[in-house]
>>> print(open('my_file-v7.tsv').read())   # TSV, C-alpha atoms
chain	number	residue	atom	x	y	z
A	300	MET	CA	27.39	-70.00	1.31
A	301	LYS	CA	25.41	-71.77	-1.24
A	302	LYS	CA	22.44	-71.47	1.03
A	303	ILE	CA	22.94	-67.72	1.45
A	304	LEU	CA	23.29	-67.22	-2.26
A	305	ILE	CA	20.13	-69.23	-2.95
A	306	ALA	CA	18.27	-67.25	-0.27
A	307	LEU	CA	19.49	-63.97	-1.80
A	308	VAL	CA	18.38	-65.03	-5.29
A	309	ILE	CA	14.96	-66.07	-3.94
A	310	CYS	CA	14.59	-62.73	-2.12
A	311	LEU	CA	15.58	-60.82	-5.20
A	312	GLY	CA	13.15	-62.92	-7.25
A	313	PHE	CA	10.26	-62.11	-4.95
A	314	GLY	CA	11.26	-58.46	-4.85
A	315	CYS	CA	11.43	-58.25	-8.61
A	316	SER	CA	8.15	-60.00	-9.16
A	317	GLU	CA	6.41	-57.73	-6.63
A	318	ASN	CA	7.97	-54.67	-8.28
A	319	SER	CA	7.02	-55.98	-11.71
A	320	GLN	CA	3.48	-56.60	-10.55
A	321	LYS	CA	3.26	-53.01	-9.30
A	322	LYS	CA	4.44	-51.76	-12.71
A	323	VAL	CA	1.90	-53.93	-14.53
A	324	ASP	CA	-0.91	-52.73	-12.21
A	325	SER	CA	0.19	-49.11	-12.76
A	326	VAL	CA	0.17	-49.52	-16.55
A	327	ILE	CA	-3.31	-51.12	-16.43
A	328	ASP	CA	-4.63	-48.29	-14.24
A	329	ASP	CA	-3.11	-45.63	-16.48
A	330	THR	CA	-4.44	-47.33	-19.61
A	331	SER	CA	-7.97	-47.78	-18.26
A	332	ASP	CA	-8.09	-44.14	-17.08
A	333	SER	CA	-6.84	-43.08	-20.48
A	334	LEU	CA	-9.40	-45.24	-22.28
A	335	VAL	CA	-12.25	-43.92	-20.12
A	336	ALA	CA	-11.12	-40.36	-20.81
A	337	LYS	CA	-10.95	-41.03	-24.56
A	338	VAL	CA	-14.40	-42.64	-24.60
A	339	ASP	CA	-15.75	-39.61	-22.69
A	340	GLN	CA	-14.11	-37.26	-25.21
A	341	VAL	CA	-15.67	-39.15	-28.12
A	342	GLY	CA	-19.07	-39.04	-26.38
A	343	ASP	CA	-18.73	-35.30	-25.80
A	344	SER	CA	-17.71	-34.75	-29.42
A	345	LEU	CA	-20.69	-36.75	-30.69
A	346	LYS	CA	-23.04	-34.78	-28.44
A	347	ARG	CA	-21.63	-31.48	-29.79
A	348	VAL	CA	-22.05	-32.68	-33.39
A	349	LYS	CA	-25.60	-33.82	-32.65
A	350	ASP	CA	-26.43	-30.47	-31.01
A	351	ASP	CA	-24.88	-28.55	-33.92
A	352	ILE	CA	-26.95	-30.51	-36.43
A	353	LYS	CA	-30.09	-30.06	-34.34
A	354	ASN	CA	-29.51	-26.31	-34.10
A	355	LYS	CA	-29.02	-25.98	-37.86
A	356	ILE	CA	-32.37	-27.61	-38.72
A	357	PRO	CA	-34.90	-24.82	-39.37
A	358	LYS	CA	-37.62	-24.68	-36.77
A	359	PHE	CA	-41.15	-24.28	-38.01
A	360	LYS	CA	-44.52	-25.60	-37.12
A	361	ILE	CA	-47.15	-26.42	-39.66
A	362	ASP	CA	-50.46	-26.86	-37.96
A	363	VAL	CA	-53.16	-27.64	-40.52
A	364	ILE	CA	-56.33	-26.82	-38.68
A	365	LYS	CA	-59.07	-27.81	-41.03
A	366	THR	CA	-60.33	-28.19	-44.56
A	367	ILE	CA	-63.41	-26.06	-45.00
A	368	PRO	CA	-65.98	-25.66	-47.82
A	369	ILE	CA	-66.00	-22.62	-50.12
A	370	SER	CA	-68.35	-21.72	-52.96
A	371	LEU	CA	-69.22	-19.32	-55.75
A	372	GLN	CA	-72.92	-19.31	-56.67
A	373	TRP	CA	-72.19	-19.40	-60.42
A	374	ILE	CA	-70.45	-22.75	-60.01
A	375	SER	CA	-72.58	-24.44	-57.34
A	376	PHE	CA	-73.78	-24.18	-53.77
A	377	ASP	CA	-74.23	-27.96	-53.67
A	378	LYS	CA	-70.84	-29.08	-55.04
A	379	GLN	CA	-68.62	-26.88	-52.96
A	380	GLY	CA	-64.88	-26.52	-53.27
A	381	SER	CA	-62.49	-26.71	-50.36
A	382	ALA	CA	-59.81	-24.61	-48.71
A	383	GLN	CA	-57.07	-25.44	-46.25
A	384	LEU	CA	-56.78	-23.30	-43.13
A	385	THR	CA	-53.39	-23.18	-41.43
A	386	LYS	CA	-52.90	-21.34	-38.16
A	387	GLN	CA	-50.11	-18.77	-38.20
A	388	SER	CA	-48.15	-17.53	-35.19
A	389	ASP	CA	-49.43	-13.95	-35.53
A	390	GLY	CA	-53.14	-14.70	-35.02
A	391	TRP	CA	-53.92	-15.00	-38.72
A	392	PHE	CA	-54.95	-18.17	-40.57
A	393	SER	CA	-53.63	-18.79	-44.05
A	394	ILE	CA	-56.33	-19.93	-46.44
A	395	LYS	CA	-55.88	-21.49	-49.85
A	396	GLY	CA	-58.44	-23.32	-51.90
A	397	GLU	CA	-60.61	-23.57	-54.97
A	398	GLN	CA	-63.89	-24.67	-56.43
A	399	THR	CA	-64.14	-25.78	-60.07
A	400	ASN	CA	-66.71	-27.23	-62.43
A	401	THR	CA	-66.66	-29.30	-65.62
A	402	ASN	CA	-66.54	-26.11	-67.76
A	403	ASN	CA	-63.17	-25.19	-66.20
A	404	GLU	CA	-64.79	-22.28	-64.40
A	405	PHE	CA	-63.40	-21.61	-60.94
A	406	LEU	CA	-63.15	-19.74	-57.67
A	407	ARG	CA	-59.66	-19.45	-56.12
A	408	LEU	CA	-58.74	-18.04	-52.73
A	409	ASP	CA	-55.16	-17.49	-51.59
A	410	GLY	CA	-54.37	-15.31	-48.60
A	411	LYS	CA	-54.96	-15.03	-44.89
A	412	ILE	CA	-57.92	-14.31	-42.65
A	413	LYS	CA	-58.55	-13.22	-39.09
A	414	ARG	CA	-61.62	-12.43	-37.06
A	415	LEU	CA	-62.58	-8.78	-36.65
A	416	ASP	CA	-65.66	-9.40	-34.53
A	417	ALA	CA	-68.39	-12.01	-34.05
A	418	ASN	CA	-69.71	-11.52	-37.61
A	419	GLN	CA	-66.79	-10.21	-39.69
A	420	LEU	CA	-63.50	-11.53	-40.99
A	421	SER	CA	-60.68	-9.63	-42.64
A	422	PHE	CA	-59.12	-11.31	-45.69
A	423	GLU	CA	-55.80	-10.24	-47.20
A	424	GLY	CA	-54.75	-11.85	-50.44
A	425	THR	CA	-56.20	-12.71	-53.82
A	426	ILE	CA	-59.65	-13.91	-54.87
A	427	ILE	CA	-60.09	-14.94	-58.50
A	428	THR	CA	-63.40	-15.93	-60.08
A	429	TYR	CA	-63.75	-17.12	-63.63
A	430	ILE	CA	-67.13	-17.72	-65.28
A	431	LYS	CA	-67.14	-17.82	-69.09
A	432	ASP	CA	-70.25	-15.62	-69.40
A	433	ASN	CA	-69.05	-12.96	-66.91
A	434	ASN	CA	-66.49	-10.19	-67.40
A	435	GLY	CA	-66.13	-10.81	-71.12
A	436	GLY	CA	-64.83	-14.33	-70.49
A	437	LYS	CA	-61.82	-13.08	-68.48
A	438	PRO	CA	-61.00	-13.92	-64.84
A	439	CYS	CA	-62.04	-11.38	-62.23
A	440	GLU	CA	-59.23	-10.79	-59.73
A	441	LYS	CA	-59.58	-8.96	-56.43
A	442	THR	CA	-56.42	-8.38	-54.40
A	443	GLY	CA	-55.74	-6.70	-51.10
A	444	THR	CA	-57.94	-6.45	-48.04
A	445	GLN	CA	-61.52	-7.71	-48.28
A	446	ILE	CA	-64.24	-8.20	-45.68
A	447	PHE	CA	-66.33	-11.36	-45.27
A	448	ALA	CA	-69.48	-11.07	-43.14
A	449	LYS	CA	-71.97	-13.48	-41.61
A	450	LYS	CA	-75.61	-12.49	-41.21
A	451	GLY	CA	-78.06	-14.01	-38.76
A	452	GLU	CA	-77.74	-17.74	-38.11
A	453	ARG	CA	-75.94	-18.56	-41.37
A	454	ASN	CA	-72.99	-20.94	-41.21
A	455	TYR	CA	-71.02	-19.05	-43.86
A	456	TYR	CA	-69.28	-15.72	-44.36
A	457	ARG	CA	-69.89	-13.89	-47.65
A	458	LEU	CA	-67.47	-11.58	-49.44
A	459	GLN	CA	-68.86	-8.06	-49.07
A	460	ASN	CA	-67.20	-6.71	-52.22
A	461	MET	CA	-69.62	-8.72	-54.36
A	462	GLU	CA	-69.52	-6.76	-57.60
A	463	ASN	CA	-67.93	-8.72	-60.42
A	464	CYS	CA	-65.16	-7.03	-62.41
A	465	SER	CA	-67.56	-6.64	-65.34
A	466	GLY	CA	-69.53	-4.10	-63.26
A	467	GLY	CA	-73.22	-3.46	-63.49
A	468	LYS	CA	-75.49	-5.75	-61.57
A	469	VAL	CA	-73.33	-8.88	-61.85
A	470	LEU	CA	-72.57	-10.09	-58.34
A	471	ASP	CA	-70.27	-12.88	-57.15
A	472	TYR	CA	-71.37	-14.60	-53.94
A	473	VAL	CA	-68.05	-15.91	-52.62
A	474	ASP	CA	-68.78	-17.86	-49.43
A	475	ILE	CA	-66.56	-19.46	-46.79
A	476	TYR	CA	-68.22	-22.04	-44.53
A	477	ASP	CA	-67.75	-23.54	-41.06
A	478	LEU	CA	-65.28	-21.00	-39.68
A	479	ASP	CA	-66.82	-20.36	-36.26
A	480	GLN	CA	-65.26	-23.49	-34.69
A	481	VAL	CA	-61.82	-22.64	-36.11
A	482	VAL	CA	-61.22	-18.90	-36.38
A	483	LYS	CA	-61.88	-17.53	-32.89
>>> encode(input="my_file-v7.tsv", output="structure tokens")
Amino acid sequence: MKKILIALVICLGFGCSENSQKKVDSVIDDTSDSLVAKVDQVGDSLKRVKDDIKNKIPKFKIDVIKTIPISLQWISFDKQGSAQLTKQSDGWFSIKGEQTNTNNEFLRLDGKIKRLDANQLSFEGTIITYIKDNNGGKPCEKTGTQIFAKKGERNYYRLQNMENCSGGKVLDYVDIYDLDQVVK
């Protein structure tokens, strides 16, 4: 009887340990599946946050094409100023620049340009010239649409509305150089 009882205890012991092992394996499987699912959820959440942030950043493209020379004859043809051209999405190029001298006289351009044909450009914006001896010592401002034209083999386009604000025979030669490689 002792032998039967010992055999029964041993059988129960093996049965319990096998059953316990199955429970342990089941808990491990459930836990690892749960952990994988939670890691996936965290990854998905991080991706959504990243996409949300990315979508909230304003989208714009600044494409500085070139710095080009500009000049006003009263200041100098030799010591030219410069202007930045930036390509816009609508076929225009923004242009902003200036030329100055030691007397604080200046030419300022601020607007946009586009090609009309092989020899003409349309400018929309503001052109200000200031020469102490012209226009009673006040700046001459031209706003709105202006035409720049190139004649012959010249490498510059000249403002066609040349008359200074003072009137008479005072002309301002406002020139923009080296545009043929950029504004097409």
>>> residues_around(input="my_file-v7.tsv", residues="Val482 (chain A)", least_positions_apart="6", cutoff="12 Å", atoms="all atoms listed in the file", output="PyMOL selection string")
chain A and resi 364-365+367+384-387+390-394+411-421+456+475-476
>>> atom_distance(input="my_file-v7.tsv", atom1="CA of Asp377 (chain A)", atom2="CA of Thr444 (chain A)")
27.6 Å
>>> residues_near_point(input="my_file-v7.tsv", point="(-56.4, -13.9, -61.4)", cutoff="7 Å", atoms="all atoms listed in the file", output="PDB file with C-alpha atoms, keeping the file's coordinate frame")
ATOM      1  CA  ILE A 427     -60.090 -14.940 -58.500  1.00  0.00           C
ATOM      2  CA  PRO A 438     -61.000 -13.920 -64.840  1.00  0.00           C
ATOM      3  CA  CYS A 439     -62.040 -11.380 -62.230  1.00  0.00           C
ATOM      4  CA  GLU A 440     -59.230 -10.790 -59.730  1.00  0.00           C
TER       5      GLU A 440
END
>>> residues_near_point(input="my_file-v7.tsv", point="(-69.8, -6.7, -68.0)", cutoff="6 Å", atoms="only C-alpha atoms", output="PyMOL selection string")
chain A and resi 434+465-466
>>> closest_residue(input="my_file-v7.tsv", among="A:Arg457, A:Lys349, A:Lys450, A:Lys378", to="Leu470 (chain A)", atoms="all atoms listed in the file")
A:Arg457
>>> build_atoms(input="my_file-v7.tsv", residues="region 426-445 of chain A", atoms="N, CA, C and O atoms", output="PDB file, in the frame of the given file")
ATOM      1  N   ILE A 426     -58.450 -13.123 -54.551  1.00  0.00           N
ATOM      2  CA  ILE A 426     -59.650 -13.910 -54.870  1.00  0.00           C
ATOM      3  C   ILE A 426     -59.843 -13.800 -56.368  1.00  0.00           C
ATOM      4  O   ILE A 426     -59.943 -12.696 -56.909  1.00  0.00           O
ATOM      5  N   ILE A 427     -59.887 -14.939 -57.044  1.00  0.00           N
ATOM      6  CA  ILE A 427     -60.090 -14.940 -58.500  1.00  0.00           C
ATOM      7  C   ILE A 427     -61.329 -15.773 -58.804  1.00  0.00           C
ATOM      8  O   ILE A 427     -61.443 -16.915 -58.349  1.00  0.00           O
ATOM      9  N   THR A 428     -62.239 -15.180 -59.580  1.00  0.00           N
ATOM     10  CA  THR A 428     -63.400 -15.930 -60.080  1.00  0.00           C
ATOM     11  C   THR A 428     -63.329 -15.926 -61.599  1.00  0.00           C
ATOM     12  O   THR A 428     -62.910 -14.937 -62.210  1.00  0.00           O
ATOM     13  N   TYR A 429     -63.719 -17.043 -62.176  1.00  0.00           N
ATOM     14  CA  TYR A 429     -63.750 -17.120 -63.630  1.00  0.00           C
ATOM     15  C   TYR A 429     -65.011 -17.885 -64.041  1.00  0.00           C
ATOM     16  O   TYR A 429     -65.165 -19.072 -63.738  1.00  0.00           O
ATOM     17  N   ILE A 430     -65.908 -17.161 -64.695  1.00  0.00           N
ATOM     18  CA  ILE A 430     -67.130 -17.720 -65.280  1.00  0.00           C
ATOM     19  C   ILE A 430     -67.149 -17.235 -66.724  1.00  0.00           C
ATOM     20  O   ILE A 430     -67.050 -16.024 -66.988  1.00  0.00           O
ATOM     21  N   LYS A 431     -67.272 -18.154 -67.662  1.00  0.00           N
ATOM     22  CA  LYS A 431     -67.140 -17.820 -69.090  1.00  0.00           C
ATOM     23  C   LYS A 431     -68.071 -16.690 -69.533  1.00  0.00           C
ATOM     24  O   LYS A 431     -67.695 -15.871 -70.378  1.00  0.00           O
ATOM     25  N   ASP A 432     -69.275 -16.627 -68.968  1.00  0.00           N
ATOM     26  CA  ASP A 432     -70.250 -15.620 -69.400  1.00  0.00           C
ATOM     27  C   ASP A 432     -70.115 -14.294 -68.657  1.00  0.00           C
ATOM     28  O   ASP A 432     -70.847 -13.350 -68.958  1.00  0.00           O
ATOM     29  N   ASN A 433     -69.229 -14.203 -67.677  1.00  0.00           N
ATOM     30  CA  ASN A 433     -69.050 -12.960 -66.910  1.00  0.00           C
ATOM     31  C   ASN A 433     -67.728 -12.292 -67.298  1.00  0.00           C
ATOM     32  O   ASN A 433     -66.759 -12.963 -67.656  1.00  0.00           O
ATOM     33  N   ASN A 434     -67.705 -10.975 -67.201  1.00  0.00           N
ATOM     34  CA  ASN A 434     -66.490 -10.190 -67.400  1.00  0.00           C
ATOM     35  C   ASN A 434     -65.838 -10.442 -68.755  1.00  0.00           C
ATOM     36  O   ASN A 434     -64.610 -10.529 -68.855  1.00  0.00           O
ATOM     37  N   GLY A 435     -66.658 -10.599 -69.771  1.00  0.00           N
ATOM     38  CA  GLY A 435     -66.130 -10.810 -71.120  1.00  0.00           C
ATOM     39  C   GLY A 435     -65.294 -12.075 -71.251  1.00  0.00           C
ATOM     40  O   GLY A 435     -64.403 -12.144 -72.090  1.00  0.00           O
ATOM     41  N   GLY A 436     -65.570 -13.072 -70.419  1.00  0.00           N
ATOM     42  CA  GLY A 436     -64.830 -14.330 -70.490  1.00  0.00           C
ATOM     43  C   GLY A 436     -63.436 -14.282 -69.885  1.00  0.00           C
ATOM     44  O   GLY A 436     -62.642 -15.188 -70.084  1.00  0.00           O
ATOM     45  N   LYS A 437     -63.137 -13.221 -69.114  1.00  0.00           N
ATOM     46  CA  LYS A 437     -61.820 -13.080 -68.480  1.00  0.00           C
ATOM     47  C   LYS A 437     -61.973 -13.279 -66.964  1.00  0.00           C
ATOM     48  O   LYS A 437     -63.021 -12.951 -66.386  1.00  0.00           O
ATOM     49  N   PRO A 438     -60.945 -13.776 -66.307  1.00  0.00           N
ATOM     50  CA  PRO A 438     -61.000 -13.920 -64.840  1.00  0.00           C
ATOM     51  C   PRO A 438     -61.166 -12.566 -64.165  1.00  0.00           C
ATOM     52  O   PRO A 438     -60.677 -11.542 -64.645  1.00  0.00           O
ATOM     53  N   CYS A 439     -61.855 -12.563 -63.061  1.00  0.00           N
ATOM     54  CA  CYS A 439     -62.040 -11.380 -62.230  1.00  0.00           C
ATOM     55  C   CYS A 439     -61.159 -11.558 -60.995  1.00  0.00           C
ATOM     56  O   CYS A 439     -61.365 -12.483 -60.217  1.00  0.00           O
ATOM     57  N   GLU A 440     -60.180 -10.672 -60.841  1.00  0.00           N
ATOM     58  CA  GLU A 440     -59.230 -10.790 -59.730  1.00  0.00           C
ATOM     59  C   GLU A 440     -59.383  -9.628 -58.773  1.00  0.00           C
ATOM     60  O   GLU A 440     -59.363  -8.466 -59.177  1.00  0.00           O
ATOM     61  N   LYS A 441     -59.510  -9.966 -57.489  1.00  0.00           N
ATOM     62  CA  LYS A 441     -59.580  -8.960 -56.430  1.00  0.00           C
ATOM     63  C   LYS A 441     -58.406  -9.235 -55.491  1.00  0.00           C
ATOM     64  O   LYS A 441     -58.271 -10.349 -54.976  1.00  0.00           O
ATOM     65  N   THR A 442     -57.573  -8.222 -55.285  1.00  0.00           N
ATOM     66  CA  THR A 442     -56.420  -8.380 -54.400  1.00  0.00           C
ATOM     67  C   THR A 442     -56.478  -7.328 -53.295  1.00  0.00           C
ATOM     68  O   THR A 442     -57.134  -6.300 -53.433  1.00  0.00           O
ATOM     69  N   GLY A 443     -55.790  -7.629 -52.226  1.00  0.00           N
ATOM     70  CA  GLY A 443     -55.740  -6.700 -51.100  1.00  0.00           C
ATOM     71  C   GLY A 443     -56.649  -7.138 -49.982  1.00  0.00           C
ATOM     72  O   GLY A 443     -56.965  -8.314 -49.832  1.00  0.00           O
ATOM     73  N   THR A 444     -57.101  -6.168 -49.207  1.00  0.00           N
ATOM     74  CA  THR A 444     -57.940  -6.450 -48.040  1.00  0.00           C
ATOM     75  C   THR A 444     -59.405  -6.481 -48.445  1.00  0.00           C
ATOM     76  O   THR A 444     -59.888  -5.576 -49.128  1.00  0.00           O
ATOM     77  N   GLN A 445     -60.086  -7.531 -48.024  1.00  0.00           N
ATOM     78  CA  GLN A 445     -61.520  -7.710 -48.280  1.00  0.00           C
ATOM     79  C   GLN A 445     -62.185  -8.071 -46.952  1.00  0.00           C
ATOM     80  O   GLN A 445     -61.537  -8.591 -46.045  1.00  0.00           O
TER      81      GLN A 445
END
